[in-house]
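**Q** What follows is query04.cif; its format and atoms are mmCIF, C-alpha atoms, pLDDT in the B column; chains and numbers go by the auth columns.
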data_target
#
loop_
_atom_site.group_PDB
_atom_site.id
_atom_site.type_symbol
_atom_site.label_atom_id
_atom_site.label_comp_id
_atom_site.label_asym_id
_atom_site.label_seq_id
_atom_site.Cartn_x
_atom_site.Cartn_y
_atom_site.Cartn_z
_atom_site.B_iso_or_equiv
_atom_site.auth_seq_id
_atom_site.auth_asym_id
ATOM 1 C CA MET A 1 88.323 112.380 88.239 50.00 1 A
ATOM 2 C CA GLU A 2 88.722 112.911 91.982 62.00 2 A
ATOM 3 C CA GLU A 3 87.804 109.279 92.751 62.00 3 A
ATOM 4 C CA LYS A 4 90.349 108.076 90.208 59.00 4 A
ATOM 5 C CA THR A 5 93.050 110.221 91.840 58.00 5 A
ATOM 6 C CA LYS A 6 92.184 108.837 95.263 57.00 6 A
ATOM 7 C CA GLU A 7 92.556 105.305 93.909 58.00 7 A
ATOM 8 C CA LEU A 8 95.990 106.104 92.519 53.00 8 A
ATOM 9 C CA ILE A 9 97.376 107.447 95.780 56.00 9 A
ATOM 10 C CA LYS A 10 96.341 104.483 97.921 61.00 10 A
ATOM 11 C CA LYS A 11 99.615 102.800 98.774 70.00 11 A
ATOM 12 C CA ARG A 12 101.093 100.550 101.377 72.00 12 A
ATOM 13 C CA ILE A 13 103.718 102.335 103.491 75.00 13 A
ATOM 14 C CA THR A 14 106.678 100.668 105.159 75.00 14 A
ATOM 15 C CA LEU A 15 108.655 102.504 107.810 77.00 15 A
ATOM 16 C CA CYS A 16 111.974 101.380 109.194 78.00 16 A
ATOM 17 C CA LEU A 17 112.532 102.116 112.871 74.00 17 A
ATOM 18 C CA VAL A 18 116.242 102.551 113.569 77.00 18 A
ATOM 19 C CA TYR A 19 118.018 102.984 116.892 72.00 19 A
ATOM 20 C CA ASN A 20 121.770 103.709 116.964 71.00 20 A
ATOM 21 C CA ASP A 21 122.146 102.524 113.356 73.00 21 A
ATOM 22 C CA TYR A 22 120.409 99.268 114.272 72.00 22 A
ATOM 23 C CA ASN A 23 117.257 98.236 112.428 71.00 23 A
ATOM 24 C CA VAL A 24 114.713 97.738 115.201 74.00 24 A
ATOM 25 C CA ALA A 25 111.584 97.078 113.150 74.00 25 A
ATOM 26 C CA TRP A 26 109.830 97.324 109.832 76.00 26 A
ATOM 27 C CA VAL A 27 106.355 98.800 110.222 77.00 27 A
ATOM 28 C CA THR A 28 104.003 98.148 107.327 74.00 28 A
ATOM 29 C CA THR A 29 100.568 99.644 106.912 76.00 29 A
ATOM 30 C CA ASP A 30 97.600 97.959 105.311 72.00 30 A
ATOM 31 C CA GLU A 31 97.178 98.492 101.576 71.00 31 A
ATOM 32 C CA ASN A 32 95.358 101.792 102.096 68.00 32 A
ATOM 33 C CA ALA A 33 98.071 103.161 104.406 66.00 33 A
ATOM 34 C CA GLU A 34 95.450 103.612 107.108 72.00 34 A
ATOM 35 C CA THR A 35 96.319 101.099 109.809 77.00 35 A
ATOM 36 C CA ILE A 36 99.288 99.138 111.099 77.00 36 A
ATOM 37 C CA ASP A 37 99.450 95.887 113.018 77.00 37 A
ATOM 38 C CA VAL A 38 100.560 97.365 116.325 79.00 38 A
ATOM 39 C CA GLU A 39 100.828 94.022 118.108 83.00 39 A
ATOM 40 C CA GLU A 40 103.105 92.560 115.432 80.00 40 A
ATOM 41 C CA THR A 41 105.187 95.739 115.353 79.00 41 A
ATOM 42 C CA LEU A 42 105.685 95.769 119.136 83.00 42 A
ATOM 43 C CA LYS A 43 106.661 92.090 119.048 86.00 43 A
ATOM 44 C CA MET A 44 109.253 92.822 116.353 82.00 44 A
ATOM 45 C CA ILE A 45 110.627 95.801 118.306 82.00 45 A
ATOM 46 C CA LYS A 46 110.986 93.669 121.439 85.00 46 A
ATOM 47 C CA GLU A 47 112.752 90.830 119.593 86.00 47 A
ATOM 48 C CA ASN A 48 115.097 93.130 117.706 82.00 48 A
ATOM 49 C CA SER A 49 115.815 95.248 120.776 83.00 49 A
ATOM 50 C CA GLU A 50 116.915 92.111 122.602 86.00 50 A
ATOM 51 C CA LYS A 51 119.172 91.204 119.660 85.00 51 A
ATOM 52 C CA TYR A 52 120.583 94.747 119.707 83.00 52 A
ATOM 53 C CA GLU A 53 121.336 94.574 123.439 85.00 53 A
ATOM 54 C CA GLU A 54 123.032 91.211 122.981 89.00 54 A
ATOM 55 C CA GLN A 55 125.098 92.579 120.103 86.00 55 A
ATOM 56 C CA MET A 56 126.185 95.554 122.236 85.00 56 A
ATOM 57 C CA ARG A 57 127.213 93.225 125.086 90.00 57 A
ATOM 58 C CA ASN A 58 129.232 91.082 122.680 93.00 58 A
ATOM 59 C CA GLU A 59 131.007 94.118 121.236 88.00 59 A
ATOM 60 C CA LYS A 60 132.068 95.241 124.722 86.00 60 A
ATOM 61 C CA ASN A 61 133.736 91.853 125.399 79.00 61 A
#
Give the structure from this file in structure tokens form.
**A**
Amino acid sequence: MEEKTKELIKKRITLCLVYNDYNVAWVTTDENAETIDVEETLKMIKENSEKYEEQMRNEKN
């Protein structure tokens, strides 16, 4: 029974990182919710942070 329960709770988890109401990154774990692709996540944060900064500059003008 315990093994069956463990199988049922294995799930992929997706987290949304938000900064000042701006979606910076989606972080998704592997299917067992044990690891994340840190390199891909950091790349996404960098790209979206640059977009956020550009958006803020455009709003000031």
**Q** Rounded to one decimal place, report the atom CA of A:Thr14-atom CA of A:Lys46 distance in Å.
**A**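 If I compute the distance from atom CA of A:Thr14 to atom CA of A:Lys46, I get 18.2 Å.
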**Q** When you count all atoms listed in the file, which of these residues is closest to A:Tyr22: A:Glu54, A:Lys43, A:Asn48, A:Glu59?
**A**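 Distance minimum relative to A:Tyr22 lands on A:Asn48.
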**Q** Write out as number ranges by chain each polymer residue whose atoms come within 12 Å of A:Val18, counting all atoms listed in the file; drop sequence neighbours fewer than 2 positions from it.
**A** A: 15-16, 20-27, 45, 48-49, 52
**Q** To one decimal place, how far is atom CA of A:Glu53 from atom CA of A:Thr28 in Å?
**A**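 We find that atom CA of A:Glu53 and atom CA of A:Thr28 lie 23.9 Å from each other.
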**Q** What does the distance from atom CA of A:Met56 to atom CA of A:Thr41 come to in Å, to one decimal?
**A** 22.1 Å
